[in-house]
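target20.cif follows (mmCIF, C-alpha atoms and all ligand atoms):
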```cif
data_structure
loop_
_atom_site.group_PDB
_atom_site.id
_atom_site.type_symbol
_atom_site.label_atom_id
_atom_site.label_comp_id
_atom_site.auth_asym_id
_atom_site.auth_seq_id
_atom_site.Cartn_x
_atom_site.Cartn_y
_atom_site.Cartn_z
ATOM 1 C CA MET A 962 -9.115 7.130 20.167
ATOM 2 C CA ASN A 963 -9.149 10.658 18.788
ATOM 3 C CA ILE A 964 -10.764 10.438 15.346
ATOM 4 C CA ILE A 965 -11.504 13.309 12.966
ATOM 5 C CA GLN A 966 -14.390 12.697 10.542
ATOM 6 C CA SER A 967 -15.204 14.297 7.207
ATOM 7 C CA ASN A 968 -18.617 15.158 5.854
ATOM 8 C CA ILE A 969 -20.237 12.699 3.450
ATOM 9 C CA ALA A 970 -19.630 13.319 -0.265
ATOM 10 C CA ASN A 971 -20.786 11.742 -3.529
ATOM 11 C CA LEU A 972 -18.327 9.586 -5.458
ATOM 12 C CA PRO A 973 -19.480 8.434 -8.887
ATOM 13 C CA THR A 974 -17.200 5.590 -10.103
ATOM 14 C CA LYS A 975 -16.990 3.160 -13.004
ATOM 15 C CA TYR A 976 -18.660 0.624 -10.669
ATOM 16 C CA GLY A 977 -21.610 2.846 -9.771
ATOM 17 C CA LYS A 978 -22.461 5.746 -7.507
ATOM 18 C CA PHE A 979 -21.112 5.694 -3.956
ATOM 19 C CA LYS A 980 -21.037 8.005 -0.975
ATOM 20 C CA ILE A 981 -17.743 8.418 0.872
ATOM 21 C CA LYS A 982 -16.734 9.507 4.340
ATOM 22 C CA ALA A 983 -13.149 9.838 5.612
ATOM 23 C CA TYR A 984 -11.840 9.150 9.120
ATOM 24 C CA LYS A 985 -8.457 10.290 10.369
ATOM 25 C CA ASP A 986 -6.847 8.533 13.319
ATOM 26 C CA ALA A 987 -3.401 9.155 14.821
ATOM 27 C CA ASN A 988 -1.634 7.275 12.019
ATOM 28 C CA GLN A 989 -3.737 7.189 8.895
ATOM 29 C CA GLU A 990 -6.750 8.393 6.930
ATOM 30 C CA HIS A 991 -9.318 5.700 6.118
ATOM 31 C CA LEU A 992 -12.391 5.692 3.920
ATOM 32 C CA ALA A 993 -15.942 4.360 4.187
ATOM 33 C CA ILE A 994 -17.333 3.815 0.687
ATOM 34 C CA MET A 995 -21.110 3.300 0.816
ATOM 35 C CA SER A 996 -23.661 2.318 -1.792
ATOM 36 C CA GLU A 997 -26.363 4.935 -2.302
ATOM 37 C CA ASN A 998 -28.977 2.778 -0.519
ATOM 38 C CA PHE A 999 -26.658 1.995 2.417
ATOM 39 C CA GLU A 1000 -28.827 3.642 5.077
ATOM 40 C CA THR A 1001 -31.858 1.523 4.163
ATOM 41 C CA LEU A 1002 -30.033 -1.814 4.598
ATOM 42 C CA ASP A 1003 -30.597 -4.007 7.639
ATOM 43 C CA ALA A 1004 -27.510 -6.181 7.032
ATOM 44 C CA PRO A 1005 -25.257 -4.551 4.421
ATOM 45 C CA TYR A 1006 -22.531 -6.408 2.537
ATOM 46 C CA VAL A 1007 -19.231 -5.238 4.012
ATOM 47 C CA ARG A 1008 -15.672 -5.538 2.736
ATOM 48 C CA ILE A 1009 -12.823 -4.482 5.036
ATOM 49 C CA HIS A 1010 -10.111 -3.911 2.454
ATOM 50 C CA SER A 1011 -6.527 -3.524 3.652
ATOM 51 C CA GLU A 1012 -4.530 -1.027 1.622
ATOM 52 C CA CYS A 1013 -2.113 -2.470 -0.914
ATOM 53 C CA LEU A 1014 -0.681 0.272 -3.085
ATOM 54 C CA THR A 1015 1.304 -2.157 -5.214
ATOM 55 C CA GLY A 1016 -1.773 -4.289 -5.900
ATOM 56 C CA ASP A 1017 -4.719 -1.878 -5.706
ATOM 57 C CA THR A 1018 -3.063 0.931 -7.689
ATOM 58 C CA LEU A 1019 -0.206 -0.584 -9.673
ATOM 59 C CA GLY A 1020 -1.861 -3.899 -10.536
ATOM 60 C CA SER A 1021 0.851 -6.041 -8.933
ATOM 61 C CA LEU A 1022 0.356 -9.746 -9.588
ATOM 62 C CA LYS A 1023 2.174 -10.746 -6.368
ATOM 63 C CA CYS A 1024 -1.086 -10.682 -4.382
ATOM 64 C CA ASP A 1025 -4.854 -10.839 -4.910
ATOM 65 C CA CYS A 1026 -5.668 -7.360 -3.558
ATOM 66 C CA GLN A 1027 -6.657 -5.511 -6.724
ATOM 67 C CA ASN A 1028 -8.925 -8.344 -7.854
ATOM 68 C CA GLN A 1029 -10.562 -8.473 -4.422
ATOM 69 C CA LEU A 1030 -11.124 -4.717 -4.365
ATOM 70 C CA ASP A 1031 -12.569 -4.819 -7.867
ATOM 71 C CA LEU A 1032 -14.858 -7.749 -6.946
ATOM 72 C CA SER A 1033 -16.009 -5.972 -3.771
ATOM 73 C CA LEU A 1034 -16.750 -2.601 -5.371
ATOM 74 C CA LYS A 1035 -18.696 -4.276 -8.187
ATOM 75 C CA PHE A 1036 -20.630 -6.472 -5.783
ATOM 76 C CA ILE A 1037 -21.457 -3.683 -3.359
ATOM 77 C CA ALA A 1038 -22.471 -1.251 -6.114
ATOM 78 C CA GLU A 1039 -24.947 -3.896 -7.239
ATOM 79 C CA HIS A 1040 -26.167 -5.394 -3.956
ATOM 80 C CA GLY A 1041 -25.679 -2.566 -1.462
ATOM 81 C CA GLY A 1042 -23.194 -2.162 1.343
ATOM 82 C CA LEU A 1043 -19.927 -0.716 2.505
ATOM 83 C CA VAL A 1044 -16.242 -0.994 1.630
ATOM 84 C CA ILE A 1045 -13.922 0.181 4.383
ATOM 85 C CA TYR A 1046 -10.617 1.121 2.794
ATOM 86 C CA HIS A 1047 -8.394 0.369 5.762
ATOM 87 C CA ARG A 1048 -5.078 2.129 5.218
ATOM 88 C CA GLN A 1049 -2.761 -0.251 6.958
ATOM 89 C CA GLU A 1050 -0.415 -0.966 4.068
ATOM 90 C CA GLY A 1051 1.537 -4.221 4.126
ATOM 91 C CA ARG A 1052 -0.485 -5.694 7.015
ATOM 92 C CA ASN A 1053 0.467 -2.493 8.823
ATOM 93 C CA ILE A 1054 4.226 -2.546 8.383
ATOM 94 C CA GLY A 1055 4.030 0.336 5.884
ATOM 95 C CA LEU A 1056 5.057 0.626 2.267
ATOM 96 C CA LEU A 1057 8.822 0.920 2.721
ATOM 97 C CA ASN A 1058 8.963 -2.167 4.931
ATOM 98 C CA LYS A 1059 6.688 -4.065 2.539
ATOM 99 C CA VAL A 1060 9.130 -3.355 -0.293
ATOM 100 C CA ASN A 1061 11.935 -4.682 1.924
ATOM 101 C CA ALA A 1062 9.783 -7.757 2.586
ATOM 102 C CA TYR A 1063 9.331 -8.180 -1.167
ATOM 103 C CA ALA A 1064 13.125 -7.972 -1.609
ATOM 104 C CA LEU A 1065 13.494 -10.815 0.907
ATOM 105 C CA GLN A 1066 10.769 -12.740 -0.947
ATOM 106 C CA ASP A 1067 12.871 -12.315 -4.111
ATOM 107 C CA GLN A 1068 15.529 -14.305 -2.208
ATOM 108 C CA GLY A 1069 13.088 -17.113 -1.393
ATOM 109 C CA ARG A 1070 11.414 -16.138 1.885
ATOM 110 C CA ASN A 1071 7.651 -16.441 2.111
ATOM 111 C CA THR A 1072 5.459 -13.530 3.211
ATOM 112 C CA ILE A 1073 5.553 -14.540 6.902
ATOM 113 C CA GLN A 1074 9.287 -15.287 7.038
ATOM 114 C CA ALA A 1075 10.070 -11.939 5.404
ATOM 115 C CA ASN A 1076 8.006 -10.006 7.969
ATOM 116 C CA LEU A 1077 9.608 -11.852 10.877
ATOM 117 C CA GLU A 1078 13.098 -11.329 9.514
ATOM 118 C CA LEU A 1079 12.418 -7.584 9.411
ATOM 119 C CA GLY A 1080 11.380 -7.649 13.068
ATOM 120 C CA PHE A 1081 7.599 -7.451 12.573
ATOM 121 C CA GLY A 1082 4.798 -9.840 13.420
ATOM 122 C CA GLU A 1083 3.299 -11.964 10.647
ATOM 123 C CA ASP A 1084 0.263 -9.653 10.627
ATOM 124 C CA ASP A 1085 0.398 -6.366 12.552
ATOM 125 C CA ARG A 1086 -3.021 -4.973 11.579
ATOM 126 C CA ASP A 1087 -5.182 -3.270 14.170
ATOM 127 C CA TYR A 1088 -8.865 -3.125 13.308
ATOM 128 C CA SER A 1089 -10.048 -0.676 15.964
ATOM 129 C CA ILE A 1090 -10.922 2.026 13.407
ATOM 130 C CA VAL A 1091 -13.265 -0.511 11.789
ATOM 131 C CA GLY A 1092 -15.229 -0.808 15.038
ATOM 132 C CA TYR A 1093 -15.368 2.962 15.247
ATOM 133 C CA ILE A 1094 -16.722 3.232 11.687
ATOM 134 C CA PHE A 1095 -19.355 0.520 12.294
ATOM 135 C CA ASN A 1096 -20.511 2.398 15.343
ATOM 136 C CA ASP A 1097 -20.573 5.724 13.521
ATOM 137 C CA LEU A 1098 -22.538 4.306 10.576
ATOM 138 C CA GLY A 1099 -24.864 2.179 12.715
ATOM 139 C CA VAL A 1100 -23.723 -1.231 11.426
ATOM 140 C CA LYS A 1101 -25.013 -3.911 13.826
ATOM 141 C CA LYS A 1102 -25.428 -6.811 11.383
ATOM 142 C CA LEU A 1103 -23.594 -7.491 8.158
ATOM 143 C CA LYS A 1104 -22.610 -9.901 5.429
ATOM 144 C CA LEU A 1105 -18.818 -10.017 5.402
ATOM 145 C CA ILE A 1106 -16.778 -10.416 2.222
ATOM 146 C CA THR A 1107 -13.533 -12.094 3.307
ATOM 147 C CA ASN A 1108 -11.481 -15.291 3.504
ATOM 148 C CA ASN A 1109 -9.649 -14.144 6.630
ATOM 149 C CA PRO A 1110 -10.683 -15.722 9.957
ATOM 150 C CA LYS A 1111 -9.061 -12.851 11.928
ATOM 151 C CA LYS A 1112 -11.442 -10.326 10.389
ATOM 152 C CA ILE A 1113 -14.379 -12.573 11.303
ATOM 153 C CA GLN A 1114 -13.129 -12.861 14.891
ATOM 154 C CA TYR A 1115 -12.673 -9.113 15.162
ATOM 155 C CA VAL A 1116 -16.172 -8.308 13.877
ATOM 156 C CA GLU A 1117 -17.667 -10.890 16.238
ATOM 157 C CA SER A 1118 -15.690 -9.434 19.143
ATOM 158 C CA LEU A 1119 -17.514 -6.130 18.551
ATOM 159 C CA GLY A 1120 -20.869 -7.847 19.041
ATOM 160 C CA VAL A 1121 -21.722 -7.201 15.373
ATOM 161 C CA GLU A 1122 -23.637 -10.143 13.893
ATOM 162 C CA ILE A 1123 -22.255 -11.776 10.741
ATOM 163 C CA VAL A 1124 -25.336 -13.184 9.039
ATOM 164 C CA GLU A 1125 -23.364 -14.494 6.067
ATOM 165 C CA ARG A 1126 -19.743 -14.785 4.878
ATOM 166 C CA ILE A 1127 -19.063 -14.173 1.208
ATOM 167 C CA PRO A 1128 -15.737 -15.636 -0.022
ATOM 168 C CA ALA A 1129 -13.409 -13.165 -1.761
ATOM 169 C CA ILE A 1130 -11.743 -15.656 -4.068
ATOM 170 C CA THR A 1131 -10.295 -14.501 -7.358
ATOM 171 C CA LYS A 1132 -8.265 -16.143 -10.101
ATOM 172 C CA SER A 1133 -4.675 -16.892 -9.117
ATOM 173 C CA ASN A 1134 -1.614 -16.437 -11.307
ATOM 174 C CA LYS A 1135 1.943 -17.788 -11.314
ATOM 175 C CA TYR A 1136 3.234 -14.828 -9.279
ATOM 176 C CA ASN A 1137 0.758 -15.057 -6.384
ATOM 177 C CA GLU A 1138 0.357 -18.838 -6.034
ATOM 178 C CA ALA A 1139 2.973 -19.084 -3.252
ATOM 179 C CA TYR A 1140 1.470 -16.077 -1.445
ATOM 180 C CA LEU A 1141 -2.002 -17.611 -1.544
ATOM 181 C CA PHE A 1142 -0.583 -20.977 -0.412
ATOM 182 C CA THR A 1143 1.053 -19.322 2.630
ATOM 183 C CA LYS A 1144 -2.208 -17.539 3.511
ATOM 184 C CA LYS A 1145 -4.104 -20.820 3.316
ATOM 185 C CA GLU A 1146 -1.629 -23.150 5.011
ATOM 186 C CA HIS A 1147 -0.076 -20.846 7.619
ATOM 187 C CA MET A 1148 -2.597 -18.047 8.222
ATOM 188 C CA GLY A 1149 -5.815 -20.060 8.136
ATOM 189 C CA HIS A 1150 -7.413 -18.217 5.210
ATOM 190 C CA MET A 1151 -10.409 -20.016 3.744
ATOM 191 C CA LEU A 1152 -9.063 -20.372 0.226
HETATM 192 N N1 LIG B 1 3.898 -7.475 4.891
HETATM 193 C C1 LIG B 1 3.350 -7.879 3.761
HETATM 194 N N2 LIG B 1 2.129 -7.429 3.471
HETATM 195 C C2 LIG B 1 1.568 -7.861 2.334
HETATM 196 C C3 LIG B 1 2.215 -8.741 1.459
HETATM 197 N N3 LIG B 1 1.399 -8.973 0.414
HETATM 198 C C4 LIG B 1 0.273 -8.248 0.646
HETATM 199 N N4 LIG B 1 0.376 -7.587 1.795
HETATM 200 C C5 LIG B 1 -0.615 -6.747 2.467
HETATM 201 O O1 LIG B 1 -1.600 -7.597 2.968
HETATM 202 C C6 LIG B 1 -2.824 -6.895 3.099
HETATM 203 C C7 LIG B 1 -3.932 -7.775 2.545
HETATM 204 O O2 LIG B 1 -4.014 -8.871 3.403
HETATM 205 P P1 LIG B 1 -4.282 -10.334 2.942
HETATM 206 O O3 LIG B 1 -3.718 -11.237 3.991
HETATM 207 O O4 LIG B 1 -3.832 -10.538 1.506
HETATM 208 O O5 LIG B 1 -5.806 -10.490 2.878
HETATM 209 P P2 LIG B 1 -6.847 -10.065 3.954
HETATM 210 O O6 LIG B 1 -7.241 -8.667 3.641
HETATM 211 O O7 LIG B 1 -6.313 -10.285 5.313
HETATM 212 O O8 LIG B 1 -7.988 -11.127 3.796
HETATM 213 P P3 LIG B 1 -9.238 -11.096 2.839
HETATM 214 O O9 LIG B 1 -10.297 -10.299 3.544
HETATM 215 O O10 LIG B 1 -9.654 -12.502 2.681
HETATM 216 O O11 LIG B 1 -8.772 -10.458 1.567
HETATM 217 C C8 LIG B 1 -2.631 -5.572 2.389
HETATM 218 O O12 LIG B 1 -2.426 -4.576 3.396
HETATM 219 C C9 LIG B 1 -1.344 -5.782 1.605
HETATM 220 O O13 LIG B 1 -0.593 -4.592 1.454
HETATM 221 C C10 LIG B 1 3.505 -9.203 1.801
HETATM 222 O O14 LIG B 1 4.116 -10.007 1.119
HETATM 223 N N5 LIG B 1 4.027 -8.735 2.960
HETATM 224 ZN ZN ZN B 2 -1.745 -6.766 -2.276
#
```
Write-out of the structure in structure tokens:
Amino acid sequence: MNIIQSNIANLPTKYGKFKIKAYKDANQEHLAIMSENFETLDAPYVRIHSECLTGDTLGSLKCDCQNQLDLSLKFIAEHGGLVIYHRQEGRNIGLLNKVNAYALQDQGRNTIQANLELGFGEDDRDYSIVGYIFNDLGVKKLKLITNNPKKIQYVESLGVEIVERIPAITKSNKYNEAYLFTKKEHMGHML
């Protein structure tokens, strides 16, 4: 994997002060967002957040992404750790295809059926950049903020110890209930 790295810069936010470092792989640019005390932590809190422009930026109610990002940044500003902003939009089918998947969902398909109908897998994410970032930042133990068993499996496959799992559960609404149901019933999410 040929990765280009940035220097580390300060990023003051409404949540608190962070340090950021960018990583560019063949397809995307990703971000490590660290609390100021990150280097002193033995087992930092870590959130691997998959990009969702419609949720994270536009406040879409079709998913729980913006609430999860908000929860994670608040929590990590307070307790110390790392958010990896993993830029694999739409479970790595990209923004245009995600909008096409949403159009199919408007016709009654669920999130998995829509992906399959477009010729993709139900979840096409590749977490290898996450392993690279852990290695670069010296993360050997962590407390993972997620409901997704695949993220847990991936972190364990790296030989990184998960000392605790923190659920990332936020309030649902009438537009994302079906999406959350599909994640729970068909994708094994711990919701
Ligand atoms: N293809 C597709 N991607 C979606 C859809 N809704 C959200 N996403 C993407 O799904 C990703 C978030 O994945 P989720 O399965 O919601 O949650 P997760 O990150 O795997 O799990 P947690 O760590 O528990 O939050 C983001 O990249 C979103 O852009 C959808 O209907 N179709
Ligand atoms: Zn989303």
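Across the chains present, the PyMOL selection byres (((chain A and resi 976-989) around 8) and not hetatm) applied to this file returns Met962, Asn963, Ile964, Ile965, Gln966, Ser967, Asn968, Ile969, Ala970, Asn971, Leu972, Pro973, Thr974, Lys975, Glu990, His991, Leu992, Ala993, Ile994, Met995, Ser996, Glu997, Leu1034, Lys1035, Ala1038, Glu1039, Arg1048, Gln1049 and Ile1090 of chain A.
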| task | Considering only C-alpha atoms, return as a PyMOL selection string whatever protein or nucleic-acid residues lie within 10 Å of Gly1120 in chain A, sequence-local ones (same chain, fewer than 5 positions apart) excluded. | result | chain A and resi 1092+1101-1102+1115
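CA of Gly1099 in chain A to atom O12 of ligand LIG 1 (chain B) spans 25.2 Å [interatomic distance, one decimal].
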note - CA of His1047 in chain A and CA of Gly1020 in chain A are separated by 18.1 Å
Worksheet item: What do you get, as an NGL selection string, if you spell out every residue that the PyMOL selection byres (((chain A and resi 1053) around 12) and not hetatm) selects here?
Response: :A and (988-989 or 1011-1013 or 1047-1052 or 1054-1059 or 1076 or 1081-1088)
Given a cut-off of 8 Å, what residues near ligand ZN 2 (chain B) show up using only C-alpha atoms and all ligand atoms, put as a PDB file with C-alpha atoms, keeping the file's coordinate frame?
```pdb
ATOM      1  CA  GLU A1012      -4.530  -1.027   1.622  1.00  0.00           C
ATOM      2  CA  CYS A1013      -2.113  -2.470  -0.914  1.00  0.00           C
ATOM      3  CA  LEU A1014      -0.681   0.272  -3.085  1.00  0.00           C
ATOM      4  CA  THR A1015       1.304  -2.157  -5.214  1.00  0.00           C
ATOM      5  CA  GLY A1016      -1.773  -4.289  -5.900  1.00  0.00           C
ATOM      6  CA  ASP A1017      -4.719  -1.878  -5.706  1.00  0.00           C
ATOM      7  CA  SER A1021       0.851  -6.041  -8.933  1.00  0.00           C
ATOM      8  CA  LYS A1023       2.174 -10.746  -6.368  1.00  0.00           C
ATOM      9  CA  CYS A1024      -1.086 -10.682  -4.382  1.00  0.00           C
ATOM     10  CA  ASP A1025      -4.854 -10.839  -4.910  1.00  0.00           C
ATOM     11  CA  CYS A1026      -5.668  -7.360  -3.558  1.00  0.00           C
ATOM     12  CA  GLN A1027      -6.657  -5.511  -6.724  1.00  0.00           C
ATOM     13  CA  GLY A1051       1.537  -4.221   4.126  1.00  0.00           C
TER      14      GLY A1051
END
```
Requested in this report: Within 8 Å of range 1126-1136 of chain A, counting all atoms listed in the file, which residues show up once you throw out same-chain ones fewer than 6 positions away? Write them as a list in words, please.
Outcome: Leu1022, Lys1023, Cys1024, Asp1025, Asn1028, Gln1029, Leu1032, Ser1033, Lys1104, Leu1105, Ile1106, Thr1107, Asn1108, Met1151 and Leu1152 of chain A
**Report entry** Residues returned when the PyMOL selection byres (((chain A and resi 1044) around 7) and not hetatm) runs on this file, as a PyMOL selection string
**Finding:** chain A and resi 993-995+1007-1010+1043+1045-1046
Test item: axis-aligned box, all listed atoms of range 1095-1110 of chain A, 6 Å on each side, centre and edges in Å rounded to one decimal, as JSON:
```
{"center_x": -17.5, "center_y": -5.0, "center_z": 8.8, "size_x": 27.8, "size_y": 33.4, "size_z": 25.1}
```
